[in-house]
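Take a look at the structure set out below.
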Amino acid sequence: MACSSFYAILFFLVFHQLYYPPIQAAFSSNVYIVYMGERLHDEPELVQDSHHEILSNILGSKEAARDSLLYSYKHGFSGFAAVLQPSQAASIADLPSVVRVIPNKILRLHTTRSWDFLHLEPIVNEGILLRAQYGVGSVIGVFDSGIWPESESFTDEKMEDIPPHWKGICQEGEEFNHSSCNRKIIGARWYVKGYEAEFGNIDKEEGSVEFLSPRDATGHGTHTSSTAAGTCVENANFMGLAQGLARGGAPSAALAVYKVCWSFGGCSSADILAAFDDAIFDGVDVISMSLGSVPPLLTYVADVVAIGSFHAVARGIPVICSGGNSGPYPQTVVNTSPWLITVAASSIDRAFPTVVTLGNNITLVGQSLYIEKDFDKFYPIVYGEDITTTDGDEDAARSCDAEALNATLARGKVLLCFESESQRSANAAAINVRKVDGVGLIFARFPTKEVILCSDVPCIQLDFALGTTLLTYIGTTNNPIVKFSLPKTSVGQLISPEVALFSSRGPNSLSPSVLKPDIAAPGVNILAAWSPAASTLPPDANGKQPAPLKFKMASGTSMACPHISAIVALLKAIHPTWSPAALKSALVTTASLTDEYGQAAVAEGAPPKQADPFDYGGGHVDANKAIDPGLVYDMTTKDYIHFLCAMGYNDSAISLLSGPHTPCRKTSNFLANFNLPSISIPELKKCIKVSRTVTNVGPVESIYIVRIESPPGIDVAVDPPILSFTSSSTKKLKFKVKICPRLRVQGSYSFGNLFWEDGFHVVKIPLIARPVVDEFCTENWS
């Protein structure tokens, strides 16, 4: 079993915590850490003696002190840990030599954090990991840039035999042979014909890296694959940051790698479609695709992702796609086919705070992934706009456009630059700072939890408010200087999850009645395996090239997608007969609308706002609840064909996509009645009735009562208000929803929710409506 030794320790601890409560409770509740700051003596023995003396005075004897003491901290700092009564701890806290007395807490090993943040924990008996046996027997097909098979995340030491339904191959190529596959990477293929037909043969320039094989040269595919199904790797970290246990969401699932993306120019549609074709034959259980087009969207019958995924879904293979990184702007979400599961990116509760100290000793806290050891000294700082070249653009210089910066005035200095509409990337700004011989970058940007790794010069991110504070200091000081501290890893200090600033937003520009994205998952600062061939770290202060990266932090809906892919693989292992639509419904209807503190979830933006379905679909994924959703909104291939008919595609176009089918027929309001786990009415001109059908996947005899949170300005009524499932033969029930605008005005989108509740299950779908009028009263125009 994957991670068995680690999980065995956790089970051992839980077992003793459950069956020996008096000892464990007494121990954990009476251990205190006494922190005393810097050592007063250079001799460790003298420091330890001082601890004994304090304990002896409080406890009454040297013997009692000896029995109480657990640890004496005497090398790096002074302090001790001891078993004390609360009153004794309070007495010690009053001593002038004591800085702080801290109650002991039981801490767990940290993972790449996102899976623990999602509560996918192996010690939860009814949790999704144990119920799905960590994904044993599942095959996740990853369409991406390949894989680095030597990564520790892909060892097959704890893996079981290759699933019997697997029919794929291990395709050899450059620096990738049959032995590169194992019981974890059970299949690998690479596709370059479409790419080379477009751009010519791959001709690797000097200094560039690519492999004509499934081997990953960019790191992206290795990262997404290990996030979905990587085995356990202890002490994984990004150069000391985010250290902990790295594991994929389905650590016992097998991986099938389909390299369709290349480091020199993206992913060919022809290659992607070939990969779909092979994956369906090979026997993958889930397809994970962290790729897509950019708006404007192609029609469904011209989009290879829509086409390939249609065929996969028709054969019971769920396809999970990233929603794009063009946020926070509306109508930017991609991969919008209703048969896809489209994923938005949200944050986790981990940060990397870095202190910026000004020459006047004022400190500002930003975030950074910079880890050099010698930057903790003062450097002069200048504002980009203040060193614009004679013929340069001040706006471009403000955001660190190299062509606009005076290299003579920038040399040897830290530059302060501000994000602009044309320059949103801290890394791009850092490259420009390096070009003009700057030594560092402070990049002020919209508030976001995403931290960018700059590969050319150290860079620190501040929000606009702190950036303006720094700008004021520069403008009022003759010789402004700054220094950076090294970043730290902080967990549990951020309110999360929040929808990421970059995550693409709805509404769906191609078919607004289909809510996209569907679900949100962690996609900010995710630590996972990386390709050493893609290491881009600069030499250190001594000119030494750092060792190639084995793990790296990355952000994007690309990182969110494999989280959902893993969860879907686990759900499918528990419910092998569920359709892709039922699996998606289970995710959407059980998703959370709040952060970990119970407050309404926030979407990063300019400014941040309360999140709505265009930001996160049904909400933030709750994998453990999705196991037992109670009711699902199910669909078949026939429903998707009717959807295409309603979208206006003719029979011949649909036949090209789906094969022979019953000719399209006129169906009123089909788009509104399409059995999605959401109701979206983009043009509500008058009262409308829509229908939905739910399938009972919970107890045979169940009674559900409706609860409505109407969108503002909209009246909603449901008939019937009670759904009674009384026998095994009554699996499906239909209900109708009447939606009426209160005012005859042109409005914006309003958001609400419809709930079915039976006292245990809460089955929630978003309600979305936008009132419109047929024509404006022209006599009111001026």
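Labels used: A, B, ... for chains in the order of the structure tokens, numbers from 1 for residues in each chain, and numbers from 1 for ligands as shown.
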
Nearby residues (only C-alpha atoms) at most 7 Å from Thr389 of chain A, same-chain spacing under 5 positions excluded, as a compact mmCIF listing (two decimals) with C-alpha atoms, in the first residue's frame:
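Here's the written file around_12.txt:
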```txt
# COMPACT_ATOMS: atom_id res chain seq x y z
CA ALA A 404 12.32 51.87 -21.02
CA LEU A 405 14.84 51.62 -18.14
CA ASN A 406 18.12 53.53 -17.98
```

Exercise. Could you write out, as an MDAnalysis selection string, all the residues of segment 226-442 of chain A that DSSP marks as helix (DSSP H, G or I)?
Worked result: chainID A and resid 226:229 269:282 304:314 384:387 394:398 402:404 407:410 426:435

Export C-alpha atoms of the chosen residues as a CSV table (one decimal), in the first residue's frame?
```
chain,number,residue,atom,x,y,z
A,226,SER,CA,2.8,13.7,-9.2
A,227,THR,CA,0.0,16.0,-7.8
A,228,ALA,CA,-2.5,13.5,-9.1
A,229,ALA,CA,-0.9,10.2,-8.2
A,269,SER,CA,-4.6,19.7,-31.7
A,270,ALA,CA,-3.8,16.8,-33.9
A,271,ASP,CA,-1.5,15.3,-31.3
A,272,ILE,CA,-4.1,15.8,-28.6
A,273,LEU,CA,-6.8,14.0,-30.6
A,274,ALA,CA,-4.4,11.1,-31.2
A,275,ALA,CA,-3.8,10.9,-27.5
A,276,PHE,CA,-7.5,10.8,-26.8
A,277,ASP,CA,-7.8,8.0,-29.3
A,278,ASP,CA,-5.0,6.0,-27.7
A,279,ALA,CA,-6.1,6.7,-24.1
A,280,ILE,CA,-9.6,5.4,-24.8
A,281,PHE,CA,-8.1,2.2,-26.2
A,282,ASP,CA,-5.5,1.8,-23.5
A,304,VAL,CA,-10.5,18.9,-30.3
A,305,VAL,CA,-10.7,18.9,-26.5
A,306,ALA,CA,-14.5,18.9,-26.8
A,307,ILE,CA,-14.4,16.3,-29.5
A,308,GLY,CA,-11.9,13.9,-27.8
A,309,SER,CA,-13.5,14.3,-24.4
A,310,PHE,CA,-16.9,13.7,-25.9
A,311,HIS,CA,-15.8,10.2,-27.0
A,312,ALA,CA,-14.0,9.5,-23.7
A,313,VAL,CA,-17.1,10.5,-21.7
A,314,ALA,CA,-19.3,8.5,-23.9
A,384,GLY,CA,11.3,52.3,-12.3
A,385,GLU,CA,9.6,55.4,-13.5
A,386,ASP,CA,12.3,57.6,-12.1
A,387,ILE,CA,15.0,56.0,-14.3
A,394,GLU,CA,7.2,56.2,-18.2
A,395,ASP,CA,4.3,53.7,-18.0
A,396,ALA,CA,6.5,50.9,-19.4
A,397,ALA,CA,9.3,51.9,-17.0
A,398,ARG,CA,6.9,51.9,-14.0
A,402,ALA,CA,13.7,46.8,-20.0
A,403,GLU,CA,13.5,48.9,-23.1
A,404,ALA,CA,12.3,51.9,-21.0
A,407,ALA,CA,20.7,50.8,-17.5
A,408,THR,CA,23.3,53.2,-16.0
A,409,LEU,CA,20.9,54.3,-13.3
A,410,ALA,CA,19.6,50.8,-12.6
A,426,ALA,CA,6.9,39.4,-11.7
A,427,ASN,CA,9.2,37.0,-13.4
A,428,ALA,CA,9.1,38.9,-16.7
A,429,ALA,CA,9.9,42.1,-14.7
A,430,ALA,CA,12.8,40.3,-13.0
A,431,ILE,CA,14.3,39.3,-16.3
A,432,ASN,CA,14.2,42.9,-17.4
A,433,VAL,CA,15.8,44.0,-14.2
A,434,ARG,CA,18.7,41.6,-14.9
A,435,LYS,CA,19.1,43.0,-18.4
```

With segment 150-169 of chain A as the partner and 10 Å as the cut-off, tabulate the residues of segment 452-545 of chain A that qualify, each row holding the nearest pair of atoms and their distance in Å to one decimal, using only C-alpha atoms, sorted by chain and rising number, as CSV.
```
residue,atom,partner,partner_atom,distance
A:Ala528,CA,A:Ser153,CA,8.6
A:Ala529,CA,A:Ser153,CA,6.7
A:Trp530,CA,A:Ser151,CA,7.8
A:Ser531,CA,A:Ser151,CA,8.0
A:Pro532,CA,A:Ser151,CA,9.1
```

Problem set entry | Nearest candidate to Pro720 of chain A (options A:Ser322, A:Gln171, A:Ser702, A:Ser691; using only C-alpha atoms) |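 Of A:Ser322, A:Gln171, A:Ser702, A:Ser691, the one nearest Pro720 of chain A, counting only C-alpha atoms, is A:Ser691.
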
Exercise. Could you name the residues that touch Leu515 of chain A at 7 Å or less, counting only C-alpha atoms, but leaving out those on the same chain fewer than 3 positions away, as a PyMOL selection string?
Worked result: chain A and resi 507-508+512+518+617+678+680

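Proximity to Gln367 of chain A was assessed for A:Gly200, A:Gly60, A:Pro487, A:Pro330 counting only C-alpha atoms; the smallest distance is recorded for A:Pro487.
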
For this session: Name the residues of segment 257-409 of chain A that come out as strand (DSSP E) in a backbone DSSP run; write them as a PyMOL selection string.
Result: chain A and resi 257-259+261-262+266-267+286-289+319-322+341-346+350-351+353-358+363-367+379-383

For those residues, write N, CA and C atoms to a file as a short mmCIF file (atom, residue, chain, number, x, y, z; two decimals), in the first residue's frame.
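Output contents, as saved in part_13.cif:
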```
data_model
loop_
_atom_site.label_atom_id
_atom_site.label_comp_id
_atom_site.auth_asym_id
_atom_site.auth_seq_id
_atom_site.Cartn_x
_atom_site.Cartn_y
_atom_site.Cartn_z
N VAL A 257 1.05 8.20 -19.26
CA VAL A 257 1.56 9.51 -19.68
C VAL A 257 1.39 9.67 -21.19
N TYR A 258 0.79 10.80 -21.57
CA TYR A 258 0.60 11.11 -22.99
C TYR A 258 1.23 12.48 -23.24
N LYS A 259 2.43 12.46 -23.80
CA LYS A 259 3.14 13.72 -24.04
C LYS A 259 2.63 14.36 -25.32
N CYS A 261 2.54 18.03 -25.39
CA CYS A 261 2.99 19.43 -25.34
C CYS A 261 4.51 19.48 -25.37
N TRP A 262 5.03 20.47 -26.06
CA TRP A 262 6.47 20.58 -26.29
C TRP A 262 6.97 21.93 -25.83
N GLY A 266 4.03 24.66 -27.49
CA GLY A 266 2.69 24.28 -27.10
C GLY A 266 2.28 22.89 -27.56
N CYS A 267 0.98 22.72 -27.73
CA CYS A 267 0.37 21.40 -27.91
C CYS A 267 -0.47 21.41 -29.19
N VAL A 286 -9.49 7.74 -15.93
CA VAL A 286 -9.71 9.18 -15.83
C VAL A 286 -8.69 9.85 -16.73
N ILE A 287 -9.07 10.95 -17.36
CA ILE A 287 -8.13 11.74 -18.15
C ILE A 287 -7.98 13.11 -17.50
N SER A 288 -6.74 13.53 -17.31
CA SER A 288 -6.42 14.82 -16.71
C SER A 288 -5.68 15.66 -17.74
N MET A 289 -6.24 16.85 -18.03
CA MET A 289 -5.69 17.72 -19.07
C MET A 289 -5.51 19.13 -18.54
N VAL A 319 -13.33 13.32 -17.96
CA VAL A 319 -12.22 14.15 -18.43
C VAL A 319 -12.23 15.44 -17.63
N ILE A 320 -11.08 15.73 -17.00
CA ILE A 320 -10.96 16.90 -16.14
C ILE A 320 -9.99 17.86 -16.80
N CYS A 321 -10.37 19.12 -16.90
CA CYS A 321 -9.57 20.14 -17.59
C CYS A 321 -9.39 21.38 -16.72
N SER A 322 -8.28 22.05 -16.93
CA SER A 322 -8.07 23.35 -16.29
C SER A 322 -8.93 24.40 -16.99
N ILE A 341 -15.29 18.26 -16.81
CA ILE A 341 -15.21 18.85 -15.47
C ILE A 341 -14.13 19.92 -15.54
N THR A 342 -14.53 21.18 -15.44
CA THR A 342 -13.63 22.31 -15.62
C THR A 342 -13.29 22.91 -14.26
N VAL A 343 -12.00 23.12 -14.02
CA VAL A 343 -11.51 23.41 -12.66
C VAL A 343 -10.95 24.82 -12.55
N ALA A 344 -11.40 25.53 -11.52
CA ALA A 344 -10.83 26.82 -11.13
C ALA A 344 -9.77 26.59 -10.06
N ALA A 345 -8.93 27.58 -9.85
CA ALA A 345 -7.83 27.46 -8.89
C ALA A 345 -8.12 28.28 -7.64
N SER A 346 -7.84 27.69 -6.50
CA SER A 346 -7.99 28.39 -5.22
C SER A 346 -6.72 28.25 -4.40
N ARG A 350 -0.96 28.22 3.15
CA ARG A 350 0.49 28.29 3.32
C ARG A 350 1.01 29.56 2.67
N ALA A 351 1.95 30.22 3.33
CA ALA A 351 2.53 31.46 2.81
C ALA A 351 4.04 31.42 3.00
N PRO A 353 6.31 34.33 3.94
CA PRO A 353 6.54 35.74 4.28
C PRO A 353 8.02 36.11 4.24
N THR A 354 8.27 37.31 3.74
CA THR A 354 9.62 37.87 3.63
C THR A 354 9.57 39.30 4.13
N VAL A 355 10.52 39.67 4.96
CA VAL A 355 10.55 41.01 5.54
C VAL A 355 11.46 41.91 4.70
N VAL A 356 10.92 43.05 4.28
CA VAL A 356 11.69 44.08 3.59
C VAL A 356 11.96 45.19 4.59
N THR A 357 13.23 45.46 4.88
CA THR A 357 13.60 46.50 5.84
C THR A 357 14.10 47.73 5.10
N LEU A 358 13.50 48.88 5.39
CA LEU A 358 13.91 50.13 4.76
C LEU A 358 15.05 50.76 5.57
N THR A 363 9.66 48.22 8.52
CA THR A 363 9.63 46.92 7.86
C THR A 363 8.29 46.69 7.17
N LEU A 364 8.36 46.08 6.01
CA LEU A 364 7.18 45.70 5.24
C LEU A 364 7.26 44.19 5.00
N VAL A 365 6.12 43.52 5.09
CA VAL A 365 6.11 42.07 4.91
C VAL A 365 5.47 41.73 3.58
N GLY A 366 6.24 41.10 2.72
CA GLY A 366 5.74 40.60 1.46
C GLY A 366 5.90 39.10 1.40
N GLN A 367 5.94 38.56 0.19
CA GLN A 367 6.19 37.13 0.02
C GLN A 367 7.25 36.93 -1.05
N TYR A 379 20.88 47.58 0.01
CA TYR A 379 21.19 47.97 -1.37
C TYR A 379 20.39 49.23 -1.68
N PRO A 380 20.92 50.09 -2.54
CA PRO A 380 20.13 51.26 -2.97
C PRO A 380 18.91 50.81 -3.78
N ILE A 381 17.83 51.56 -3.67
CA ILE A 381 16.60 51.23 -4.38
C ILE A 381 16.13 52.42 -5.19
N VAL A 382 15.60 52.16 -6.40
CA VAL A 382 15.05 53.22 -7.25
C VAL A 382 13.70 52.76 -7.78
N TYR A 383 12.90 53.74 -8.11
CA TYR A 383 11.58 53.49 -8.71
C TYR A 383 11.74 53.46 -10.22
#
```

For this session: Quick one: pull the distance between atom CA of Arg707 of chain A and atom CA of Leu754 of chain A, Å, one decimal.
Result: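 Going from atom CA of Arg707 of chain A over to atom CA of Leu754 of chain A, I get 6.1 Å.
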
Problem set entry | segment 544-559 of chain A environment, 9 Å, only C-alpha atoms, sequence neighbours closer than 6 positions dropped, as a PyMOL selection string | chain A and resi 151-152+219-220+223-224+227+236-239+242+289-291+321-325+343-346+369+450-453+500+502-504+520-538

Exercise. Using only C-alpha atoms, which residue out of A:Leu631, A:Ile185, A:Ala646, A:Cys454 lies closest to Phe755 of chain A?
Worked result: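 With only C-alpha atoms as the atom set, the closest residue is A:Leu631.
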
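One distance worth recording is that between atom CA of Arg411 of chain A and atom CA of Gly438 of chain A, which is 4.9 Å.
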
Problem set entry | Distance of atom CA of Lys413 of chain A from atom CA of Gly440 of chain A, expressed in Å to one decimal place |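 Taking atom CA of Gly440 of chain A and atom CA of Lys413 of chain A, their separation equals 6.9 Å.
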
For this session: Quick one: everything within 12 Å of segment 445-447 of chain A, counting only C-alpha atoms, minus sequence neighbours fewer than 3 positions away in the same chain. Send it as a VMD selection string.
Result: chain A and resid 328 366 to 367 398 to 399 416 to 421 423 to 426 429 442 450 to 452 460 to 468 498 500 to 502 603 to 609

Please, could you write that set of residues out with C-alpha atoms as a CSV table (one decimal), in the first residue's frame?
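Just written: selection_24.csv:
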```
chain,number,residue,atom,x,y,z
A,328,PRO,CA,-9.9,37.9,-12.9
A,366,GLY,CA,5.7,40.6,1.5
A,367,GLN,CA,6.2,37.1,0.0
A,398,ARG,CA,6.9,51.9,-14.0
A,399,SER,CA,6.3,48.2,-14.7
A,416,LEU,CA,10.6,49.0,-7.4
A,417,CYS,CA,8.0,48.3,-10.1
A,418,PHE,CA,4.2,48.1,-10.3
A,419,GLU,CA,2.1,45.6,-12.0
A,420,SER,CA,0.2,47.0,-15.0
A,421,GLU,CA,-2.3,45.8,-17.5
A,423,GLN,CA,3.0,43.6,-17.4
A,424,ARG,CA,1.4,41.3,-14.9
A,425,SER,CA,4.4,38.9,-14.4
A,426,ALA,CA,6.9,39.4,-11.7
A,429,ALA,CA,9.9,42.1,-14.7
A,442,ILE,CA,10.3,44.6,-5.5
A,450,GLU,CA,0.3,33.4,-5.4
A,451,VAL,CA,4.1,33.8,-5.1
A,452,ILE,CA,6.1,34.0,-8.3
A,460,ILE,CA,9.8,40.2,-3.4
A,461,GLN,CA,6.0,40.7,-3.9
A,462,LEU,CA,4.1,43.4,-2.1
A,463,ASP,CA,0.5,44.5,-2.5
A,464,PHE,CA,-0.1,48.0,-4.0
A,465,ALA,CA,-0.6,49.6,-0.6
A,466,LEU,CA,2.8,48.5,0.7
A,467,GLY,CA,4.3,49.3,-2.7
A,468,THR,CA,3.0,52.8,-2.3
A,498,GLU,CA,-9.8,32.0,-1.9
A,500,ALA,CA,-6.9,32.8,-7.2
A,501,LEU,CA,-6.5,36.1,-9.0
A,502,PHE,CA,-5.3,34.4,-12.2
A,603,ALA,CA,-12.4,35.7,-4.9
A,604,GLU,CA,-9.2,37.6,-5.4
A,605,GLY,CA,-9.6,40.5,-7.8
A,606,ALA,CA,-9.4,44.3,-8.2
A,607,PRO,CA,-10.8,44.6,-5.6
A,608,PRO,CA,-11.4,41.2,-4.0
A,609,LYS,CA,-15.1,40.3,-3.6
```
